[in-house]
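Chemist: Input file: upload.txt. Contents: compact mmCIF, C-alpha atoms.
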```txt
# COMPACT_ATOMS: atom_id res chain seq x y z
CA MET A 1 117.02 111.45 -40.75
CA SER A 2 115.82 110.05 -44.00
CA MET A 3 113.99 106.74 -43.96
CA GLU A 4 114.90 106.14 -47.61
CA ILE A 5 117.18 103.23 -48.41
CA PRO A 6 120.25 104.15 -50.49
CA LEU A 7 118.74 102.61 -53.65
CA GLY A 8 115.66 104.80 -53.30
CA ARG A 9 117.84 107.89 -52.97
CA VAL A 10 119.83 107.27 -56.14
CA ARG A 11 117.07 105.83 -58.29
CA GLY A 12 116.72 107.90 -61.46
CA LEU A 13 119.78 109.96 -60.61
CA GLY A 14 122.85 109.89 -62.81
CA ALA A 15 126.01 111.97 -62.94
CA ALA A 16 123.81 115.08 -63.16
CA GLY A 17 121.92 114.46 -59.92
CA GLU A 18 118.70 114.21 -61.92
CA GLY A 19 118.02 112.65 -65.22
CA ALA A 20 114.81 110.89 -66.16
CA GLU A 21 113.19 114.02 -67.58
CA HIS A 22 116.37 115.00 -69.45
CA TRP A 23 116.71 111.48 -70.86
CA TRP A 24 113.09 111.41 -71.97
CA GLN A 25 113.29 114.83 -73.65
CA GLU A 26 116.40 113.68 -75.49
CA ARG A 27 114.42 110.75 -76.95
CA LEU A 28 111.38 112.87 -77.85
CA THR A 29 113.49 115.54 -79.54
CA SER A 30 115.44 112.86 -81.40
CA ILE A 31 112.24 111.46 -82.95
CA ALA A 32 111.08 114.94 -83.97
CA ALA A 33 114.55 115.87 -85.23
CA PHE A 34 114.72 112.66 -87.27
CA LEU A 35 111.41 113.31 -89.06
CA LEU A 36 112.27 116.97 -89.70
CA LEU A 37 115.78 116.06 -90.85
CA VAL A 38 114.37 113.68 -93.46
CA TRP A 39 112.03 116.48 -94.61
CA LEU A 40 114.94 118.96 -94.77
CA ALA A 41 117.27 116.61 -96.65
CA VAL A 42 114.61 115.68 -99.21
CA SER A 43 113.57 119.33 -99.64
CA LEU A 44 117.13 120.57 -100.14
CA LEU A 45 117.99 117.81 -102.61
CA ARG A 46 114.81 118.56 -104.58
CA LEU A 47 115.48 122.31 -104.85
CA PRO A 48 116.78 123.25 -108.31
CA GLY A 49 119.75 125.00 -106.68
CA LEU A 50 120.89 126.63 -103.46
CA ASP A 51 121.21 130.17 -104.81
CA HIS A 52 119.71 133.06 -102.85
CA ARG A 53 116.56 133.49 -104.94
CA THR A 54 115.68 129.78 -104.74
CA VAL A 55 116.36 129.45 -101.01
CA ALA A 56 114.57 132.70 -100.08
CA SER A 57 111.45 131.95 -102.11
CA TRP A 58 111.40 128.39 -100.77
CA LEU A 59 111.55 129.63 -97.14
CA ALA A 60 108.87 132.22 -97.88
CA ASP A 61 106.41 129.34 -98.32
CA PRO A 62 104.70 128.50 -94.98
CA PHE A 63 105.07 124.80 -95.79
CA ALA A 64 108.84 125.27 -95.76
CA ALA A 65 109.15 128.02 -93.13
CA VAL A 66 107.14 126.24 -90.42
CA PRO A 67 108.95 122.88 -90.63
CA MET A 68 112.23 124.81 -90.76
CA LEU A 69 111.30 126.73 -87.58
CA LEU A 70 110.38 123.43 -85.91
CA PHE A 71 113.61 121.82 -87.12
CA VAL A 72 115.73 124.66 -85.72
CA GLY A 73 113.91 124.53 -82.39
CA VAL A 74 114.07 120.77 -82.04
CA ALA A 75 117.65 120.43 -83.31
CA PHE A 76 119.00 123.06 -80.92
CA TRP A 77 117.01 121.62 -78.02
CA HIS A 78 118.35 118.14 -78.80
CA LEU A 79 121.97 119.28 -79.15
CA LYS A 80 121.72 121.28 -75.92
CA LEU A 81 120.52 118.18 -74.06
CA GLY A 82 123.13 115.95 -75.70
CA LEU A 83 126.14 118.23 -75.19
CA GLN A 84 125.09 118.74 -71.57
CA VAL A 85 125.12 114.97 -70.94
CA VAL A 86 128.61 114.69 -72.42
CA VAL A 87 129.83 117.43 -70.06
CA GLU A 88 128.08 115.80 -67.09
CA ASP A 89 129.78 112.50 -67.88
CA TYR A 90 133.31 113.71 -68.50
CA VAL A 91 133.77 116.96 -66.54
CA HIS A 92 134.06 116.05 -62.88
CA ASP A 93 134.99 119.38 -61.31
CA ASP A 94 131.78 121.12 -60.17
CA GLY A 95 133.01 124.58 -61.13
CA SER A 96 134.01 123.75 -64.68
CA LYS A 97 130.95 121.53 -65.08
CA LEU A 98 128.72 124.51 -64.25
CA PHE A 99 130.73 126.72 -66.60
CA TRP A 100 130.38 124.34 -69.56
CA ILE A 101 126.70 123.67 -68.95
CA LEU A 102 126.00 127.41 -68.79
CA LEU A 103 128.01 127.95 -71.96
CA ILE A 104 126.12 125.17 -73.76
CA ASN A 105 122.76 126.53 -72.67
CA PHE A 106 123.57 130.15 -73.56
CA ALA A 107 125.19 129.26 -76.88
CA SER A 108 122.41 126.94 -78.03
CA ILE A 109 119.69 129.44 -77.12
CA LEU A 110 121.66 132.20 -78.88
CA GLY A 111 122.16 130.07 -81.99
CA ALA A 112 118.52 128.98 -82.05
CA ALA A 113 117.32 132.58 -81.63
CA PHE A 114 119.43 133.81 -84.56
CA ALA A 115 118.33 130.93 -86.78
CA LEU A 116 114.64 131.32 -85.89
CA PHE A 117 114.79 135.07 -86.46
CA ALA A 118 116.45 134.55 -89.85
CA VAL A 119 113.74 132.12 -90.98
CA LEU A 120 110.96 134.41 -89.75
CA LYS A 121 112.52 137.40 -91.49
CA ILE A 122 112.65 135.55 -94.81
CA ALA A 123 109.14 134.18 -94.30
CA PHE A 124 107.57 137.53 -93.43
CA ALA A 125 109.47 139.46 -96.11
CA GLY A 126 107.82 137.24 -98.71
CA SER A 127 109.52 135.97 -101.79
CA ALA A 128 110.17 139.47 -103.15
CA GLU A 129 113.84 140.24 -103.84
CA MET B 1 142.73 84.98 -51.01
CA HIS B 2 140.52 81.95 -51.34
CA ARG B 3 139.57 81.93 -54.96
CA ASN B 4 137.99 79.07 -56.86
CA PRO B 5 140.01 79.01 -60.10
CA SER B 6 137.12 77.46 -62.00
CA ARG B 7 135.05 80.60 -61.46
CA PRO B 8 135.45 83.50 -63.88
CA LEU B 9 137.38 86.56 -62.77
CA SER B 10 134.90 89.36 -63.07
CA PRO B 11 134.57 92.19 -63.84
CA HIS B 12 137.47 92.51 -66.24
CA LEU B 13 137.41 96.29 -66.29
CA THR B 14 141.00 96.55 -67.50
CA ILE B 15 141.03 93.64 -69.94
CA TRP B 16 138.81 94.12 -72.96
CA LYS B 17 139.11 94.56 -76.68
CA TRP B 18 137.34 96.90 -79.03
CA GLY B 19 134.14 95.64 -80.58
CA PRO B 20 131.78 97.23 -83.08
CA HIS B 21 129.29 98.09 -80.34
CA MET B 22 131.94 100.09 -78.44
CA LEU B 23 133.02 101.85 -81.59
CA VAL B 24 129.45 102.80 -82.49
CA SER B 25 128.75 103.91 -78.92
CA ILE B 26 131.65 106.36 -78.83
CA LEU B 27 131.06 107.38 -82.47
CA HIS B 28 127.51 108.34 -81.47
CA ARG B 29 128.93 110.77 -78.92
CA VAL B 30 131.76 112.09 -81.08
CA THR B 31 129.51 112.67 -84.09
CA GLY B 32 126.84 114.17 -81.83
CA VAL B 33 129.28 116.70 -80.41
CA GLY B 34 130.78 117.44 -83.84
CA VAL B 35 127.46 117.90 -85.62
CA GLY B 36 125.98 119.68 -82.60
CA ILE B 37 128.70 122.33 -82.80
CA ALA B 38 129.83 122.54 -86.44
CA GLY B 39 126.50 121.57 -88.00
CA ALA B 40 124.55 124.01 -85.86
CA ALA B 41 127.01 126.80 -86.64
CA ALA B 42 126.71 126.08 -90.37
CA LEU B 43 122.90 126.04 -90.15
CA VAL B 44 122.83 129.43 -88.39
CA TRP B 45 125.33 130.89 -90.85
CA TRP B 46 123.35 129.67 -93.87
CA LEU B 47 119.99 130.95 -92.57
CA LEU B 48 121.40 134.30 -91.43
CA ALA B 49 123.12 134.83 -94.78
CA ALA B 50 119.90 133.99 -96.61
CA SER B 51 117.95 136.45 -94.44
CA GLU B 52 120.42 139.29 -94.95
CA GLY B 53 120.07 139.35 -98.71
CA ALA B 54 121.76 138.45 -101.96
CA THR B 55 125.15 140.04 -101.16
CA ALA B 56 125.59 138.35 -97.77
CA TYR B 57 124.40 135.08 -99.30
CA ALA B 58 126.95 135.37 -102.10
CA THR B 59 129.72 135.68 -99.48
CA PHE B 60 128.37 132.61 -97.70
CA LEU B 61 128.22 130.62 -100.95
CA GLU B 62 131.77 131.62 -101.81
CA TRP B 63 133.02 130.13 -98.53
CA ALA B 64 130.68 127.16 -98.54
CA THR B 65 131.56 126.07 -102.08
CA TRP B 66 135.31 126.61 -101.64
CA GLU B 67 136.78 123.23 -102.56
CA TRP B 68 138.67 122.86 -99.26
CA ALA B 69 135.39 123.34 -97.42
CA LEU B 70 134.58 119.81 -98.56
CA LEU B 71 136.96 118.74 -95.78
CA ILE B 72 134.26 120.05 -93.44
CA TRP B 73 131.10 119.21 -95.39
CA ILE B 74 131.89 115.56 -96.14
CA PRO B 75 132.86 114.58 -92.56
CA LEU B 76 129.93 116.67 -91.28
CA SER B 77 127.44 114.89 -93.54
CA TRP B 78 128.89 111.51 -92.57
CA GLY B 79 128.72 112.48 -88.89
CA LEU B 80 125.07 113.49 -89.19
CA ILE B 81 124.19 110.25 -91.01
CA GLN B 82 126.15 108.11 -88.53
CA HIS B 83 124.56 109.88 -85.54
CA THR B 84 121.12 109.44 -87.09
CA LEU B 85 121.63 105.72 -87.76
CA SER B 86 123.22 104.95 -84.39
CA GLY B 87 120.46 107.06 -82.85
CA LEU B 88 117.87 104.80 -84.47
CA ARG B 89 119.80 101.81 -83.12
CA HIS B 90 119.77 103.35 -79.64
CA MET B 91 116.03 103.94 -79.96
CA VAL B 92 115.50 100.22 -80.58
CA MET B 93 117.79 99.36 -77.65
CA ASP B 94 115.91 101.84 -75.41
CA ILE B 95 112.76 99.84 -76.12
CA GLY B 96 114.68 96.84 -74.77
CA ALA B 97 115.40 94.96 -77.98
CA GLY B 98 118.58 93.99 -79.77
CA TYR B 99 120.78 93.09 -76.83
CA GLU B 100 121.67 89.57 -77.98
CA LEU B 101 125.42 89.63 -78.64
CA SER B 102 125.30 88.71 -82.32
CA THR B 103 122.29 90.96 -83.08
CA ASN B 104 123.91 93.83 -81.26
CA LYS B 105 127.17 93.40 -83.14
CA THR B 106 125.44 93.05 -86.51
CA TRP B 107 123.43 96.25 -86.15
CA ALA B 108 126.44 98.14 -84.83
CA ASN B 109 128.33 97.11 -87.97
CA ILE B 110 125.38 97.97 -90.20
CA THR B 111 125.21 101.56 -88.91
CA VAL B 112 128.86 102.15 -89.83
CA VAL B 113 128.66 100.48 -93.26
CA ALA B 114 125.38 102.23 -94.06
CA SER B 115 126.61 105.66 -92.95
CA VAL B 116 129.68 105.43 -95.21
CA LEU B 117 127.57 104.13 -98.09
CA LEU B 118 124.92 106.84 -97.72
CA THR B 119 127.60 109.54 -97.47
CA VAL B 120 129.19 108.31 -100.73
CA LEU B 121 125.77 108.19 -102.43
CA LEU B 122 124.90 111.68 -101.17
CA TRP B 123 128.08 113.23 -102.56
CA LEU B 124 127.86 111.29 -105.83
CA TYR B 125 124.35 112.72 -106.19
CA ILE B 126 125.51 116.24 -105.33
CA PHE B 127 128.40 116.11 -107.81
CA TYR B 128 126.90 114.08 -110.66
CA GLY B 129 123.20 113.54 -110.03
CA ARG B 130 121.91 117.08 -110.41
CA GLY B 131 123.16 117.50 -113.96
```
For the structure just supplied, provide its representation as structure tokens.

Modeler:
Amino acid sequence: MSMEIPLGRVRGLGAAGEGAEHWWQERLTSIAAFLLLVWLAVSLLRLPGLDHRTVASWLADPFAAVPMLLFVGVAFWHLKLGLQVVVEDYVHDDGSKLFWILLINFASILGAAFALFAVLKIAFAGSAE
Amino acid sequence: MHRNPSRPLSPHLTIWKWGPHMLVSILHRVTGVGVGIAGAAALVWWLLAASEGATAYATFLEWATWEWALLIWIPLSWGLIQHTLSGLRHMVMDIGAGYELSTNKTWANITVVASVLLTVLLWLYIFYGRG
């Protein structure tokens, strides 16, 4: 028999059955995503165009490739956390909740992997056509 | 039921009206889900196309600059800006500030007005500012 009072048992637990760490990561990734998003928006608006040569030579520069890799990582991490919370709040059936959370996790890791690989490929291939 | 009629009936969970704070709260979720799915897909598509070479990138550009694609890009850019601004508002509220009713309402309204304004400015710049 647990000696915990009911408040102690639920403290820090939300619809997911856990939460403080998830909540905190969401905030941390949002700060990082915000800074990198401002960098990305300014960089894209300052590029002379968005044609292949311009984009590829821009991403071949470490000072573009590295922030882009970080942006992809942080953005996908943040959207994975966020979408999962939405599912936890609105999907009440345990089976479908598990299904959607798995789907979100798999899809965001898949998307992030493709995007990271693409940036690395451009970066390592150099700016040569 | 012994109820003192001078006391408020609370909580009124079924009687409420929409306020800016509720709108911004649900907009934060809706735009988050929208940008998290459509924006992420567009980001992956753009980067993959760029990594595959000039031909794949040309196909991407053809789709992306199709005029009807603006029906995706404009709402997507607004959604990202709205989510960013309401996210900043949430960050302030997470610190524990901005809960006074009038302050809360004002900043909720500001996020919506600013997101629309910034979206208009962004697209004016894209269409006319780059020469």

Chemist: With distances taken over only C-alpha atoms, which of A:Glu21, A:Glu26, A:Asp51, A:Met3 is nearest to Ala64 in chain B?

Modeler: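 Of A:Glu21, A:Glu26, A:Asp51, A:Met3, the one nearest Ala64 in chain B, counting only C-alpha atoms, is A:Asp51.
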
Chemist: Each residue of chain B with at least one atom at most 10 Å from chain A should appear once, together with its nearest atom pair and the corresponding distance in Å (one decimal); atoms considered: only C-alpha atoms; ordering: chain, then increasing residue number; output as JSON lines.

Modeler:
```
{"residue": "B:Arg29", "atom": "CA", "partner": "A:Val86", "partner_atom": "CA", "distance": 7.6}
{"residue": "B:Val30", "atom": "CA", "partner": "A:Val86", "partner_atom": "CA", "distance": 9.6}
{"residue": "B:Gly32", "atom": "CA", "partner": "A:Gly82", "partner_atom": "CA", "distance": 7.4}
{"residue": "B:Val33", "atom": "CA", "partner": "A:Leu83", "partner_atom": "CA", "distance": 6.3}
{"residue": "B:Gly34", "atom": "CA", "partner": "A:Leu83", "partner_atom": "CA", "distance": 9.8}
{"residue": "B:Val35", "atom": "CA", "partner": "A:Leu79", "partner_atom": "CA", "distance": 8.6}
{"residue": "B:Gly36", "atom": "CA", "partner": "A:Leu79", "partner_atom": "CA", "distance": 5.3}
{"residue": "B:Ile37", "atom": "CA", "partner": "A:Leu79", "partner_atom": "CA", "distance": 8.2}
{"residue": "B:Ala40", "atom": "CA", "partner": "A:Phe76", "partner_atom": "CA", "distance": 7.5}
{"residue": "B:Ala41", "atom": "CA", "partner": "A:Gly111", "partner_atom": "CA", "distance": 7.5}
{"residue": "B:Leu43", "atom": "CA", "partner": "A:Ala115", "partner_atom": "CA", "distance": 7.5}
{"residue": "B:Val44", "atom": "CA", "partner": "A:Ala115", "partner_atom": "CA", "distance": 5.0}
{"residue": "B:Trp45", "atom": "CA", "partner": "A:Ala115", "partner_atom": "CA", "distance": 8.1}
{"residue": "B:Trp46", "atom": "CA", "partner": "A:Ala115", "partner_atom": "CA", "distance": 8.8}
{"residue": "B:Leu47", "atom": "CA", "partner": "A:Ala118", "partner_atom": "CA", "distance": 5.7}
{"residue": "B:Leu48", "atom": "CA", "partner": "A:Ala118", "partner_atom": "CA", "distance": 5.2}
{"residue": "B:Ala49", "atom": "CA", "partner": "A:Ala118", "partner_atom": "CA", "distance": 8.3}
{"residue": "B:Ala50", "atom": "CA", "partner": "A:His52", "partner_atom": "CA", "distance": 6.3}
{"residue": "B:Ser51", "atom": "CA", "partner": "A:Ala118", "partner_atom": "CA", "distance": 5.2}
{"residue": "B:Glu52", "atom": "CA", "partner": "A:Ala118", "partner_atom": "CA", "distance": 8.0}
{"residue": "B:Gly53", "atom": "CA", "partner": "A:His52", "partner_atom": "CA", "distance": 7.5}
{"residue": "B:Ala54", "atom": "CA", "partner": "A:His52", "partner_atom": "CA", "distance": 5.8}
{"residue": "B:Thr55", "atom": "CA", "partner": "A:His52", "partner_atom": "CA", "distance": 9.0}
{"residue": "B:Ala56", "atom": "CA", "partner": "A:His52", "partner_atom": "CA", "distance": 9.4}
{"residue": "B:Tyr57", "atom": "CA", "partner": "A:His52", "partner_atom": "CA", "distance": 6.2}
{"residue": "B:Ala58", "atom": "CA", "partner": "A:His52", "partner_atom": "CA", "distance": 7.6}
{"residue": "B:Leu61", "atom": "CA", "partner": "A:Asp51", "partner_atom": "CA", "distance": 8.0}
{"residue": "B:Leu80", "atom": "CA", "partner": "A:Leu37", "partner_atom": "CA", "distance": 9.8}
{"residue": "B:Thr84", "atom": "CA", "partner": "A:Phe34", "partner_atom": "CA", "distance": 7.2}
{"residue": "B:Leu85", "atom": "CA", "partner": "A:Phe34", "partner_atom": "CA", "distance": 9.8}
{"residue": "B:Gly87", "atom": "CA", "partner": "A:Ser30", "partner_atom": "CA", "distance": 7.8}
{"residue": "B:Leu88", "atom": "CA", "partner": "A:Ile31", "partner_atom": "CA", "distance": 8.9}
{"residue": "B:His90", "atom": "CA", "partner": "A:Arg27", "partner_atom": "CA", "distance": 9.5}
{"residue": "B:Met91", "atom": "CA", "partner": "A:Arg27", "partner_atom": "CA", "distance": 7.6}
{"residue": "B:Asp94", "atom": "CA", "partner": "A:Arg27", "partner_atom": "CA", "distance": 9.2}
{"residue": "B:Leu122", "atom": "CA", "partner": "A:Leu45", "partner_atom": "CA", "distance": 9.3}
{"residue": "B:Tyr125", "atom": "CA", "partner": "A:Leu45", "partner_atom": "CA", "distance": 8.9}
{"residue": "B:Ile126", "atom": "CA", "partner": "A:Leu45", "partner_atom": "CA", "distance": 8.1}
{"residue": "B:Arg130", "atom": "CA", "partner": "A:Pro48", "partner_atom": "CA", "distance": 8.3}
```

Chemist: If you measure from CA of Ala97 in chain B to CA of Phe71 in chain A, what distance in Å do you get, rounded to one decimal?

Modeler: 28.4 Å

Chemist: Which value, in Å to one decimal, gives the distance between CA of Gln25 in chain A and CA of Glu88 in chain A?

Modeler: 16.2 Å

Chemist: Could you tell me how far CA of Ile81 in chain B lies from CA of Leu103 in chain A, in Å and to one decimal?

Modeler: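 Between these atoms lies a distance of 26.3 Å.
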
Chemist: To box range 49-52 of chain B, take all atoms listed in the file, fit an axis-aligned box, add 3 Å on each side, and give centre and edge lengths in Å to one decimal, as lines of an AutoDock Vina configuration file.

Modeler:
```
center_x = 120.5
center_y = 136.6
center_z = -95.5
size_x = 11.2
size_y = 11.3
size_z = 8.2
```

Chemist: When distances are computed from all atoms listed in the file, which of B:Leu70, B:Ile95, B:Ala108, B:Ala38 shows the smallest separation from Val24 in chain B?

Modeler: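 Of B:Leu70, B:Ile95, B:Ala108, B:Ala38, the one nearest Val24 in chain B, counting all atoms listed in the file, is B:Ala108.
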
Chemist: Under the rule that all atoms listed in the file are counted, which of A:Ala64, A:Ala41, A:Leu102, A:Ile109 is the nearest residue to Ser77 in chain B?

Modeler: A:Ala41
